[in-house]
Structures are given as structure tokens and as C-alpha cells.
$ cat my_file.pdb   # PDB, N, CA and C atoms and all ligand atoms
ATOM      1  N   MET A   1      20.725  26.991 -23.960
ATOM      2  CA  MET A   1      20.802  26.399 -25.295
ATOM      3  C   MET A   1      19.409  25.969 -25.730
ATOM      4  N   LYS A   2      19.010  26.423 -26.893
ATOM      5  CA  LYS A   2      17.692  26.065 -27.389
ATOM      6  C   LYS A   2      17.791  24.960 -28.430
ATOM      7  N   LEU A   3      17.052  23.902 -28.190
ATOM      8  CA  LEU A   3      17.064  22.806 -29.150
ATOM      9  C   LEU A   3      16.031  23.067 -30.229
ATOM     10  N   ASP A   4      16.488  23.081 -31.465
ATOM     11  CA  ASP A   4      15.573  23.322 -32.568
ATOM     12  C   ASP A   4      15.129  21.986 -33.144
ATOM     13  N   LEU A   5      14.241  21.327 -32.401
ATOM     14  CA  LEU A   5      13.748  20.057 -32.927
ATOM     15  C   LEU A   5      12.255  19.949 -32.707
ATOM     16  N   GLN A   6      11.624  19.277 -33.655
ATOM     17  CA  GLN A   6      10.181  19.096 -33.568
ATOM     18  C   GLN A   6       9.878  17.617 -33.412
ATOM     19  N   LEU A   7       8.910  17.321 -32.578
ATOM     20  CA  LEU A   7       8.508  15.938 -32.394
ATOM     21  C   LEU A   7       7.175  15.699 -33.096
ATOM     22  N   PHE A   8       7.175  14.673 -33.902
ATOM     23  CA  PHE A   8       5.969  14.325 -34.643
ATOM     24  C   PHE A   8       5.408  12.998 -34.146
ATOM     25  N   ALA A   9       4.153  12.774 -34.429
ATOM     26  CA  ALA A   9       3.577  11.453 -34.223
ATOM     27  C   ALA A   9       4.201  10.534 -35.270
ATOM     28  N   VAL A  10       4.569   9.336 -34.846
ATOM     29  CA  VAL A  10       5.218   8.403 -35.769
ATOM     30  C   VAL A  10       4.282   7.226 -36.014
ATOM     31  N   PRO A  11       4.003   6.918 -37.291
ATOM     32  CA  PRO A  11       3.123   5.785 -37.587
ATOM     33  C   PRO A  11       3.655   4.489 -36.986
ATOM     34  N   ALA A  12       2.744   3.642 -36.531
ATOM     35  CA  ALA A  12       3.110   2.397 -35.847
ATOM     36  C   ALA A  12       4.073   1.554 -36.671
ATOM     37  N   ARG A  13       3.865   1.495 -37.987
ATOM     38  CA  ARG A  13       4.724   0.633 -38.810
ATOM     39  C   ARG A  13       6.139   1.186 -38.992
ATOM     40  N   ARG A  14       6.348   2.452 -38.599
ATOM     41  CA  ARG A  14       7.691   3.048 -38.703
ATOM     42  C   ARG A  14       8.534   2.805 -37.449
ATOM     43  N   VAL A  15       7.887   2.290 -36.421
ATOM     44  CA  VAL A  15       8.622   1.989 -35.185
ATOM     45  C   VAL A  15       8.804   0.479 -35.111
ATOM     46  N   SER A  16      10.064   0.049 -35.065
ATOM     47  CA  SER A  16      10.334  -1.396 -35.048
ATOM     48  C   SER A  16       9.901  -2.025 -33.737
ATOM     49  N   LYS A  17       9.712  -3.337 -33.758
ATOM     50  CA  LYS A  17       9.337  -4.080 -32.551
ATOM     51  C   LYS A  17      10.361  -3.827 -31.456
ATOM     52  N   THR A  18      11.635  -3.822 -31.868
ATOM     53  CA  THR A  18      12.714  -3.641 -30.899
ATOM     54  C   THR A  18      12.666  -2.253 -30.263
ATOM     55  N   ALA A  19      12.465  -1.217 -31.095
ATOM     56  CA  ALA A  19      12.405   0.154 -30.578
ATOM     57  C   ALA A  19      11.223   0.323 -29.638
ATOM     58  N   LYS A  20      10.102  -0.275 -30.037
ATOM     59  CA  LYS A  20       8.893  -0.194 -29.211
ATOM     60  C   LYS A  20       9.111  -0.884 -27.866
ATOM     61  N   ARG A  21       9.702  -2.078 -27.925
ATOM     62  CA  ARG A  21       9.934  -2.847 -26.690
ATOM     63  C   ARG A  21      10.988  -2.181 -25.813
ATOM     64  N   ALA A  22      12.015  -1.605 -26.464
ATOM     65  CA  ALA A  22      13.071  -0.930 -25.696
ATOM     66  C   ALA A  22      12.494   0.277 -24.956
ATOM     67  N   ARG A  23      11.598   1.016 -25.616
ATOM     68  CA  ARG A  23      10.963   2.179 -24.996
ATOM     69  C   ARG A  23      10.111   1.742 -23.797
ATOM     70  N   ARG A  24       9.443   0.622 -23.957
ATOM     71  CA  ARG A  24       8.521   0.166 -22.907
ATOM     72  C   ARG A  24       9.199  -0.558 -21.742
ATOM     73  N   THR A  25      10.509  -0.729 -21.800
ATOM     74  CA  THR A  25      11.195  -1.371 -20.667
ATOM     75  C   THR A  25      11.072  -0.522 -19.405
ATOM     76  N   HIS A  26      10.845   0.785 -19.575
ATOM     77  CA  HIS A  26      10.723   1.673 -18.411
ATOM     78  C   HIS A  26       9.297   1.708 -17.877
ATOM     79  N   LEU A  27       8.349   1.153 -18.627
ATOM     80  CA  LEU A  27       6.959   1.135 -18.189
ATOM     81  C   LEU A  27       6.704  -0.140 -17.413
ATOM     82  N   LYS A  28       6.788  -0.027 -16.113
ATOM     83  CA  LYS A  28       6.487  -1.212 -15.319
ATOM     84  C   LYS A  28       5.931  -0.803 -13.966
ATOM     85  N   LYS A  29       5.130  -1.668 -13.433
ATOM     86  CA  LYS A  29       4.533  -1.430 -12.123
ATOM     87  C   LYS A  29       5.539  -1.823 -11.064
ATOM     88  N   ASP A  30       5.603  -1.014  -9.998
ATOM     89  CA  ASP A  30       6.482  -1.443  -8.910
ATOM     90  C   ASP A  30       5.643  -2.006  -7.760
ATOM     91  N   ALA A  31       6.302  -2.803  -6.965
ATOM     92  CA  ALA A  31       5.596  -3.469  -5.863
ATOM     93  C   ALA A  31       5.113  -2.430  -4.853
ATOM     94  N   PRO A  32       3.894  -2.602  -4.311
ATOM     95  CA  PRO A  32       3.385  -1.627  -3.354
ATOM     96  C   PRO A  32       4.186  -1.640  -2.054
ATOM     97  N   THR A  33       4.323  -0.451  -1.445
ATOM     98  CA  THR A  33       5.056  -0.330  -0.190
ATOM     99  C   THR A  33       4.224  -0.907   0.951
ATOM    100  N   VAL A  34       4.839  -1.765   1.714
ATOM    101  CA  VAL A  34       4.140  -2.390   2.836
ATOM    102  C   VAL A  34       4.965  -2.195   4.107
ATOM    103  N   VAL A  35       4.308  -1.744   5.168
ATOM    104  CA  VAL A  35       4.958  -1.635   6.482
ATOM    105  C   VAL A  35       4.197  -2.530   7.458
ATOM    106  N   THR A  36       4.806  -2.799   8.596
ATOM    107  CA  THR A  36       4.109  -3.643   9.570
ATOM    108  C   THR A  36       3.525  -2.791  10.687
ATOM    109  N   CYS A  37       2.342  -3.188  11.136
ATOM    110  CA  CYS A  37       1.655  -2.494  12.222
ATOM    111  C   CYS A  37       2.448  -2.653  13.523
ATOM    112  N   LYS A  38       2.655  -1.513  14.245
ATOM    113  CA  LYS A  38       3.420  -1.585  15.495
ATOM    114  C   LYS A  38       2.614  -2.265  16.596
ATOM    115  N   GLN A  39       1.301  -2.238  16.444
ATOM    116  CA  GLN A  39       0.423  -2.796  17.466
ATOM    117  C   GLN A  39       0.317  -4.317  17.360
ATOM    118  N   CYS A  40       0.030  -4.800  16.140
ATOM    119  CA  CYS A  40      -0.225  -6.235  15.993
ATOM    120  C   CYS A  40       0.712  -6.933  14.997
ATOM    121  N   GLY A  41       1.523  -6.165  14.287
ATOM    122  CA  GLY A  41       2.469  -6.785  13.354
ATOM    123  C   GLY A  41       1.881  -7.169  12.024
ATOM    124  N   ASN A  42       0.640  -6.733  11.788
ATOM    125  CA  ASN A  42      -0.036  -7.016  10.517
ATOM    126  C   ASN A  42       0.581  -6.172   9.399
ATOM    127  N   PRO A  43       0.808  -6.718   8.199
ATOM    128  CA  PRO A  43       1.315  -5.887   7.112
ATOM    129  C   PRO A  43       0.246  -4.890   6.639
ATOM    130  N   ILE A  44       0.599  -3.603   6.622
ATOM    131  CA  ILE A  44      -0.370  -2.559   6.240
ATOM    132  C   ILE A  44       0.264  -1.551   5.280
ATOM    133  N   ALA A  45      -0.589  -0.777   4.616
ATOM    134  CA  ALA A  45      -0.129   0.310   3.757
ATOM    135  C   ALA A  45       0.334   1.461   4.648
ATOM    136  N   PRO A  46       1.413   2.178   4.290
ATOM    137  CA  PRO A  46       1.904   3.262   5.121
ATOM    138  C   PRO A  46       0.913   4.430   5.202
ATOM    139  N   HIS A  47       0.875   5.108   6.342
ATOM    140  CA  HIS A  47       0.009   6.261   6.598
ATOM    141  C   HIS A  47      -1.479   5.920   6.559
ATOM    142  N   ARG A  48      -1.772   4.656   6.868
ATOM    143  CA  ARG A  48      -3.164   4.214   6.964
ATOM    144  C   ARG A  48      -3.363   3.503   8.293
ATOM    145  N   ALA A  49      -4.593   3.570   8.806
ATOM    146  CA  ALA A  49      -4.922   2.823  10.012
ATOM    147  C   ALA A  49      -4.851   1.337   9.698
ATOM    148  N   CYS A  50      -4.474   0.552  10.698
ATOM    149  CA  CYS A  50      -4.352  -0.893  10.507
ATOM    150  C   CYS A  50      -5.730  -1.486  10.250
ATOM    151  N   THR A  51      -5.812  -2.368   9.267
ATOM    152  CA  THR A  51      -7.101  -2.975   8.924
ATOM    153  C   THR A  51      -7.483  -4.071   9.906
ATOM    154  N   LYS A  52      -6.499  -4.574  10.642
ATOM    155  CA  LYS A  52      -6.770  -5.681  11.561
ATOM    156  C   LYS A  52      -7.154  -5.171  12.961
ATOM    157  N   CYS A  53      -6.317  -4.260  13.526
ATOM    158  CA  CYS A  53      -6.580  -3.803  14.889
ATOM    159  C   CYS A  53      -7.149  -2.380  14.931
ATOM    160  N   GLY A  54      -7.091  -1.629  13.807
ATOM    161  CA  GLY A  54      -7.660  -0.286  13.777
ATOM    162  C   GLY A  54      -6.807   0.777  14.441
ATOM    163  N   TYR A  55      -5.543   0.472  14.699
ATOM    164  CA  TYR A  55      -4.653   1.430  15.353
ATOM    165  C   TYR A  55      -3.924   2.285  14.333
ATOM    166  N   TYR A  56      -3.677   3.535  14.714
ATOM    167  CA  TYR A  56      -2.833   4.423  13.932
ATOM    168  C   TYR A  56      -2.117   5.340  14.900
ATOM    169  N   LYS A  57      -0.794   5.445  14.790
ATOM    170  CA  LYS A  57       0.044   6.264  15.673
ATOM    171  C   LYS A  57      -0.193   5.930  17.153
ATOM    172  N   GLY A  58      -0.322   4.643  17.455
ATOM    173  CA  GLY A  58      -0.443   4.216  18.843
ATOM    174  C   GLY A  58      -1.819   4.376  19.462
ATOM    175  N   LYS A  59      -2.785   4.866  18.673
ATOM    176  CA  LYS A  59      -4.146   5.017  19.196
ATOM    177  C   LYS A  59      -5.113   4.228  18.330
ATOM    178  N   GLN A  60      -6.214   3.780  18.934
ATOM    179  CA  GLN A  60      -7.219   3.120  18.120
ATOM    180  C   GLN A  60      -8.095   4.189  17.485
ATOM    181  N   VAL A  61      -8.152   4.190  16.178
ATOM    182  CA  VAL A  61      -8.910   5.212  15.462
ATOM    183  C   VAL A  61     -10.107   4.625  14.712
ATOM    184  N   VAL A  62     -10.074   3.324  14.459
ATOM    185  CA  VAL A  62     -11.165   2.672  13.737
ATOM    186  C   VAL A  62     -11.584   1.423  14.500
ATOM    187  N   LYS A  63     -12.877   1.220  14.571
ATOM    188  CA  LYS A  63     -13.371  -0.019  15.184
ATOM    189  C   LYS A  63     -13.286  -1.135  14.160
ATOM    190  N   THR A  64     -12.737  -2.255  14.556
ATOM    191  CA  THR A  64     -12.674  -3.424  13.668
ATOM    192  C   THR A  64     -13.340  -4.608  14.354
ATOM    193  N   GLU A  65     -13.571  -5.636  13.593
ATOM    194  CA  GLU A  65     -14.221  -6.846  14.136
ATOM    195  C   GLU A  65     -13.436  -7.403  15.320
ATOM    196  N   GLU A  66     -12.115  -7.381  15.213
ATOM    197  CA  GLU A  66     -11.261  -7.954  16.249
ATOM    198  C   GLU A  66     -11.361  -7.149  17.567
ATOM    199  N   THR A  67     -11.390  -5.840  17.480
ATOM    200  CA  THR A  67     -11.390  -5.010  18.700
ATOM    201  C   THR A  67     -12.795  -4.846  19.278
ATOM    202  N   GLU A  68     -13.829  -5.024  18.479
ATOM    203  CA  GLU A  68     -15.194  -4.833  18.977
ATOM    204  C   GLU A  68     -15.620  -5.935  19.933
ATOM    205  N   ASN A  69     -15.030  -7.138  19.777
ATOM    206  CA  ASN A  69     -15.386  -8.254  20.629
ATOM    207  C   ASN A  69     -14.717  -8.200  22.003
ATOM    208  N   LYS A  70     -13.804  -7.217  22.210
ATOM    209  CA  LYS A  70     -13.093  -7.151  23.484
ATOM    210  C   LYS A  70     -13.917  -6.413  24.547
TER     211      LYS A  70
HETATM  212 ZN    ZN B 101      -2.578  -3.622  13.723
END
$ encode --input "my_file.pdb" --output "C-alpha cells"
Amino acid sequence: MKLDLQLFAVPARRVSKTAKRARRTHLKKDAPTVVTCKQCGNPIAPHRACTKCGYYKGKQVVKTEETENK
């Protein structure tokens, strides 16, 4: 089925406050995904090395201040 409709730019004054606000209800930021490090329990971003202990997938991959003093 082909829709025979054209979309035009609509002047700002032709869109009511309510219509504008209703459209923007879907525009929102969602909270970032946080997982906990299996090594130290620090909250970290998924698929990233831990910023505290430098571990990723059970191995140390990055040197951090905490691990360098050991
Ligand atoms: Zn960690």
C-alpha cells in the first residue's frame, strides 16, 4: 500500500504548545547502563576495563594507581 502524503515544514506558530510538548515526550535521555566489576565490585560501564582495578574478563589489562602500588 502506497501512502500518498507529503510532509512539509510547519511554521513554529502553527504548532501548538501542547502538540510540541506531546511530540517531545519521547525525547528523553535514559540512565546509563552500569554493571559491577567482578574483581572489586566497583560500578563500571559494560564492556570496559574497570577504572579502579584495571581488570577485564578476569585479567588485568590496564595498570591503575591501586594495582601499581602492589
Ligand atoms: Zn574492578
$ residues_near_ligand --input "my_file.pdb" --ligand "ligand ZN 101 (chain B)" --cutoff "7 Å" --atoms "all atoms listed in the file" --output "list in words"
Thr36, Cys37, Lys38, Gln39, Cys40, Gly41, Asn42, Ala49, Cys50, Thr51, Lys52, Cys53, Gly54 and Tyr55 of chain A
$ atom_distance --input "my_file.pdb" --atom1 "CA of Thr64 (chain A)" --atom2 "CA of Ala45 (chain A)"
16.4 Å
$ select_by_dssp --input "my_file.pdb" --residues "chain A" --states "helix (DSSP H, G or I)" --output "ChimeraX atom specification"
/A:12-14,17-26,65-68
$ atom_distance --input "my_file.pdb" --atom1 "atom C of Tyr56 (chain A)" --atom2 "atom C of Val35 (chain A)"
12.5 Å
$ closest_residue --input "my_file.pdb" --among "A:Thr33, A:Gly58, A:Leu7, A:Thr25" --to "Pro46 (chain A)" --atoms "only N, CA and C atoms"
A:Thr33
$ atom_distance --input "my_file.pdb" --atom1 "CA of Ala19 (chain A)" --atom2 "CA of Pro32 (chain A)"
28.7 Å
$ select_by_dssp --input "my_file.pdb" --residues "region 13-69 of chain A" --states "strand (DSSP E or B)" --output "PyMOL selection string"
chain A and resi 35-36+43-44+55-56+59-60
